[in-house]
Amino acid sequence: MTPRKKLQGLVAATITPMTPDGQVNLPVIHQYVDYLVSEQNVKNIFVNGTTGEGLSLSVQERKQLAEEWVCQGKDKLDHVIVHVGALSLPESQELARHAASIGASAIAVITPFFFKPTNKDELIAFLQKVASEAPTVPFYYYHIPPLTGVKIRVEELLDGIKEQIPTFQGVKFSDMDLLDLAQCINKNEREEFAFLYGVDEQLLSALAVGADGAVGSTYNYLGRKTNLMLQAFAKADLALARKYQFLTGEFLNFVFKLGFGVAQTKAVMSFVSGIPMGPPRLPLVDASKEFIVKAKAKLDSIVWPDGD
Ligand SMILES: CC(=O)N[C@H](C=O)[C@@H](O)[C@H](O)[C@H](O)CO
Ligand SMILES: CC(=O)C(=O)O
């Protein structure tokens, strides 16, 4: 396998654009890629994850989306990570083979969450069966216990993982447990793995314990601001880094109180970027008019340290 540049910095968890009648809207992806690169300074994406409603899409839709993102991202994006997790092992394997065949930079897999693995060995056995279908593609475990209900600690999972999954490359870590994250990083002495944090409102805390970067929904529309936080942190200007984290946190704290999820993320991205993201798919329902008015007013009221 050719060594690739270790993934770091921001990764936008892409939204799946939909038409008003709920079909996947592939033609806007071209514009979406350009928007991320030129307006948000974000050159890595995570496709068909939580934000992309990946688990609500058909296998065929997931393949079409992965293809379109890889194709439109060619020569523009650095990394296109395709989430291929599914409840059905053969479906997940099919998606892994497909991601490999279209030249995805990496694949990621969530734990099954209906019938759940009860321990580390069961989880690794599932991940291994998927990863081995794409033997030249870097593999990330996608840890998101608030949604999967599977709380197997990542620090435990890492022991001996390279022997069972030779392509193992890191973790998308979407949990509040910073002790677990810190212990993963402490174990990763040779820095062979990348730890990408997935709770956007507390990214600065994860950077402090050594996260390599982040995957999240807010980097679709707050990527530029979060990049400035990363730069401030890299220069050890903690006061400035905190200002950015406090301000992105102020926005998120505000919308959390109104009720915030993927449907609302679609609405926010639509008004910030001007690209129509459309409605979410059931069981999610569209953000209310009231939410949109309030969220927009809040975002517009924020005065950023860079004067914007
Ligand atoms: C549950 C969820 O969707 N988590 C996302 C990524 O993992 C985050 O990017 C959040 O959307 C973000 O931190 C706002 O809560
Ligand atoms: C947020 C995130 O990383 C996802 O949508 O999967």
# chains A, B, ... in the order shown; residues from 1 in each chain; ligands from 1
>>> residues_near_ligand(ligand="ligand 1", cutoff="7 Å", atoms="only C-alpha atoms and all ligand atoms", output="ChimeraX atom specification")
/A:50-51,144,147,174,198-201,215-218,252,261-262
>>> residues_around(residues="range 32-45 of chain A", least_positions_apart="5", cutoff="7 Å", atoms="only C-alpha atoms", output="list in words")
Leu10, Val11, Ala12, Ala13, Thr14, Gln72, Gly73, Leu77, Asp78, His79, Val80, Ile81, Asn220, Tyr221, Gly223 and Arg224 of chain A
>>> residues_around(residues="Val70 in chain A", least_positions_apart="5", cutoff="12 Å", atoms="only C-alpha atoms", output="count of residues only")
27
>>> residues_around(residues="Gln169 in chain A", least_positions_apart="2", cutoff="7 Å", atoms="only C-alpha atoms", output="list in words")
Pro138, Phe139, Tyr140, Thr167, Phe193 and Ala194 of chain A
>>> residues_around(residues="Ala206 in chain A", least_positions_apart="5", cutoff="8 Å", atoms="only C-alpha atoms", output="compact mmCIF listing (two decimals) with N, CA, C and O atoms, in the first residue's frame")
# COMPACT_ATOMS: atom_id res chain seq x y z
N LEU A 178 -13.43 12.21 27.01
CA LEU A 178 -12.08 12.65 26.64
C LEU A 178 -10.99 11.85 27.34
O LEU A 178 -9.84 11.86 26.91
N LEU A 181 -10.43 9.13 24.80
CA LEU A 181 -9.66 9.69 23.67
C LEU A 181 -8.19 9.89 24.06
O LEU A 181 -7.28 9.52 23.32
N TYR A 197 -11.77 14.04 15.95
CA TYR A 197 -12.80 14.25 16.95
C TYR A 197 -14.12 14.68 16.32
O TYR A 197 -14.12 15.40 15.32
N ALA A 211 -5.79 15.30 19.67
CA ALA A 211 -6.54 14.88 18.47
C ALA A 211 -5.84 15.44 17.23
O ALA A 211 -5.32 16.56 17.25
>>> residues_around(residues="Val130 in chain A", least_positions_apart="5", cutoff="8 Å", atoms="only C-alpha atoms", output="list in words")
Leu89, Ser92, Gln93 and Ala96 of chain A
>>> atom_distance(atom1="CA of Ala239 in chain A", atom2="CA of Gly170 in chain A")
29.5 Å
>>> closest_residue(among="A:Pro27, A:Gly54, A:Pro135, A:Gly307", to="ligand 2", atoms="only C-alpha atoms and all ligand atoms")
A:Gly54
>>> atom_distance(atom1="CA of Leu55 in chain A", atom2="CA of Lys151 in chain A")
19.1 Å
>>> select_by_dssp(residues="range 106-238 of chain A", states="strand (DSSP E)", output="list in words")
Ala106, Ile107, Ala108, Val109, Ile110, Phe139, Tyr140, Tyr141, Tyr142, His143, Phe168, Gln169, Gly170, Val171, Lys172, Phe173, Ala194, Phe195, Leu196, Tyr197, Gly213, Ala214, Val215 and Gly216 of chain A
>>> write_last_selection(atoms="N, CA and C atoms", output="tab-separated table (two decimals), in the first residue's frame")
chain	number	residue	atom	x	y	z
A	106	ALA	N	-10.47	6.55	1.85
A	106	ALA	CA	-10.57	5.73	3.05
A	106	ALA	C	-12.02	5.30	3.21
A	107	ILE	N	-12.22	4.27	4.03
A	107	ILE	CA	-13.59	3.90	4.42
A	107	ILE	C	-13.69	3.98	5.94
A	108	ALA	N	-14.92	4.15	6.39
A	108	ALA	CA	-15.18	4.16	7.82
A	108	ALA	C	-16.39	3.28	8.10
A	109	VAL	N	-16.41	2.68	9.26
A	109	VAL	CA	-17.51	1.78	9.62
A	109	VAL	C	-17.97	2.01	11.05
A	110	ILE	N	-19.28	2.11	11.17
A	110	ILE	CA	-19.93	2.26	12.46
A	110	ILE	C	-20.22	0.84	12.98
A	139	PHE	N	-8.66	2.25	6.74
A	139	PHE	CA	-9.91	1.95	7.46
A	139	PHE	C	-10.01	2.76	8.75
A	140	TYR	N	-11.15	3.38	8.95
A	140	TYR	CA	-11.42	4.10	10.21
A	140	TYR	C	-12.62	3.48	10.91
A	141	TYR	N	-12.48	3.32	12.20
A	141	TYR	CA	-13.65	2.95	13.02
A	141	TYR	C	-14.38	4.24	13.38
A	142	TYR	N	-15.69	4.21	13.22
A	142	TYR	CA	-16.53	5.38	13.53
A	142	TYR	C	-17.25	5.13	14.85
A	143	HIS	N	-16.77	5.79	15.87
A	143	HIS	CA	-17.27	5.59	17.25
A	143	HIS	C	-18.27	6.70	17.60
A	168	PHE	N	-6.10	-0.68	9.34
A	168	PHE	CA	-6.61	0.24	10.37
A	168	PHE	C	-5.78	1.52	10.43
A	169	GLN	N	-6.47	2.64	10.36
A	169	GLN	CA	-5.78	3.92	10.21
A	169	GLN	C	-6.16	4.92	11.30
A	170	GLY	N	-7.28	4.68	11.97
A	170	GLY	CA	-7.66	5.61	13.01
A	170	GLY	C	-9.13	5.54	13.36
A	171	VAL	N	-9.55	6.58	14.09
A	171	VAL	CA	-10.91	6.59	14.63
A	171	VAL	C	-11.54	7.95	14.43
A	172	LYS	N	-12.80	7.92	14.03
A	172	LYS	CA	-13.62	9.12	14.11
A	172	LYS	C	-14.32	9.00	15.45
A	173	PHE	N	-13.93	9.86	16.36
A	173	PHE	CA	-14.31	9.71	17.77
A	173	PHE	C	-15.40	10.73	18.12
A	194	ALA	N	-4.69	8.06	13.18
A	194	ALA	CA	-5.23	9.42	13.29
A	194	ALA	C	-6.50	9.39	14.13
A	195	PHE	N	-6.60	10.32	15.05
A	195	PHE	CA	-7.81	10.44	15.87
A	195	PHE	C	-8.52	11.73	15.49
A	196	LEU	N	-9.70	11.55	14.94
A	196	LEU	CA	-10.47	12.69	14.45
A	196	LEU	C	-11.67	12.88	15.35
A	197	TYR	N	-11.77	14.04	15.95
A	197	TYR	CA	-12.80	14.25	16.95
A	197	TYR	C	-14.12	14.68	16.32
A	213	GLY	N	-7.34	15.94	14.27
A	213	GLY	CA	-8.24	16.75	13.46
A	213	GLY	C	-9.66	16.47	13.89
A	214	ALA	N	-10.60	16.78	13.01
A	214	ALA	CA	-12.00	16.66	13.38
A	214	ALA	C	-12.86	16.35	12.17
A	215	VAL	N	-13.90	15.57	12.43
A	215	VAL	CA	-14.94	15.32	11.43
A	215	VAL	C	-16.23	15.86	12.01
A	216	GLY	N	-16.93	16.72	11.30
A	216	GLY	CA	-18.17	17.21	11.89
A	216	GLY	C	-19.07	17.90	10.91
>>> atom_distance(atom1="CA of Val28 in chain A", atom2="CA of Trp69 in chain A")
10.5 Å
>>> residues_around(residues="Thr118 in chain A", least_positions_apart="2", cutoff="10 Å", atoms="only C-alpha atoms", output="PyMOL selection string")
chain A and resi 115-116+120-123+150-152
>>> write_last_selection(atoms="N, CA and C atoms", output="PDB file, in the first residue's frame")
ATOM      1  N   PHE A 115     -28.911  -5.404  16.460  1.00  0.00           N
ATOM      2  CA  PHE A 115     -28.192  -6.433  17.216  1.00  0.00           C
ATOM      3  C   PHE A 115     -26.805  -5.861  17.438  1.00  0.00           C
ATOM      4  N   LYS A 116     -26.384  -5.783  18.687  1.00  0.00           N
ATOM      5  CA  LYS A 116     -25.137  -5.074  18.985  1.00  0.00           C
ATOM      6  C   LYS A 116     -24.039  -6.045  19.398  1.00  0.00           C
ATOM      7  N   LYS A 120     -15.518  -6.258  22.751  1.00  0.00           N
ATOM      8  CA  LYS A 120     -14.520  -5.820  21.785  1.00  0.00           C
ATOM      9  C   LYS A 120     -14.271  -6.852  20.682  1.00  0.00           C
ATOM     10  N   ASP A 121     -14.215  -8.123  21.040  1.00  0.00           N
ATOM     11  CA  ASP A 121     -13.900  -9.152  20.040  1.00  0.00           C
ATOM     12  C   ASP A 121     -15.001  -9.259  18.985  1.00  0.00           C
ATOM     13  N   GLU A 122     -16.252  -9.161  19.429  1.00  0.00           N
ATOM     14  CA  GLU A 122     -17.370  -9.241  18.476  1.00  0.00           C
ATOM     15  C   GLU A 122     -17.372  -8.036  17.535  1.00  0.00           C
ATOM     16  N   LEU A 123     -17.072  -6.885  18.102  1.00  0.00           N
ATOM     17  CA  LEU A 123     -17.038  -5.675  17.268  1.00  0.00           C
ATOM     18  C   LEU A 123     -15.901  -5.770  16.247  1.00  0.00           C
ATOM     19  N   VAL A 150     -23.614   1.639  21.569  1.00  0.00           N
ATOM     20  CA  VAL A 150     -22.502   0.706  21.824  1.00  0.00           C
ATOM     21  C   VAL A 150     -21.350   1.474  22.466  1.00  0.00           C
ATOM     22  N   LYS A 151     -21.076   1.144  23.719  1.00  0.00           N
ATOM     23  CA  LYS A 151     -20.157   1.973  24.496  1.00  0.00           C
ATOM     24  C   LYS A 151     -18.788   1.323  24.692  1.00  0.00           C
ATOM     25  N   ILE A 152     -18.459   0.336  23.874  1.00  0.00           N
ATOM     26  CA  ILE A 152     -17.144  -0.317  23.991  1.00  0.00           C
ATOM     27  C   ILE A 152     -16.065   0.757  23.832  1.00  0.00           C
TER      28      ILE A 152
END
>>> select_by_dssp(residues="range 48-254 of chain A", states="helix (DSSP H, G or I)", output="NGL selection string")
:A and (54-56 or 59-73 or 89-102 or 120-131 or 145-148 or 154-157 or 161-164 or 178-187 or 200-208 or 218-220 or 223-234 or 238-254)
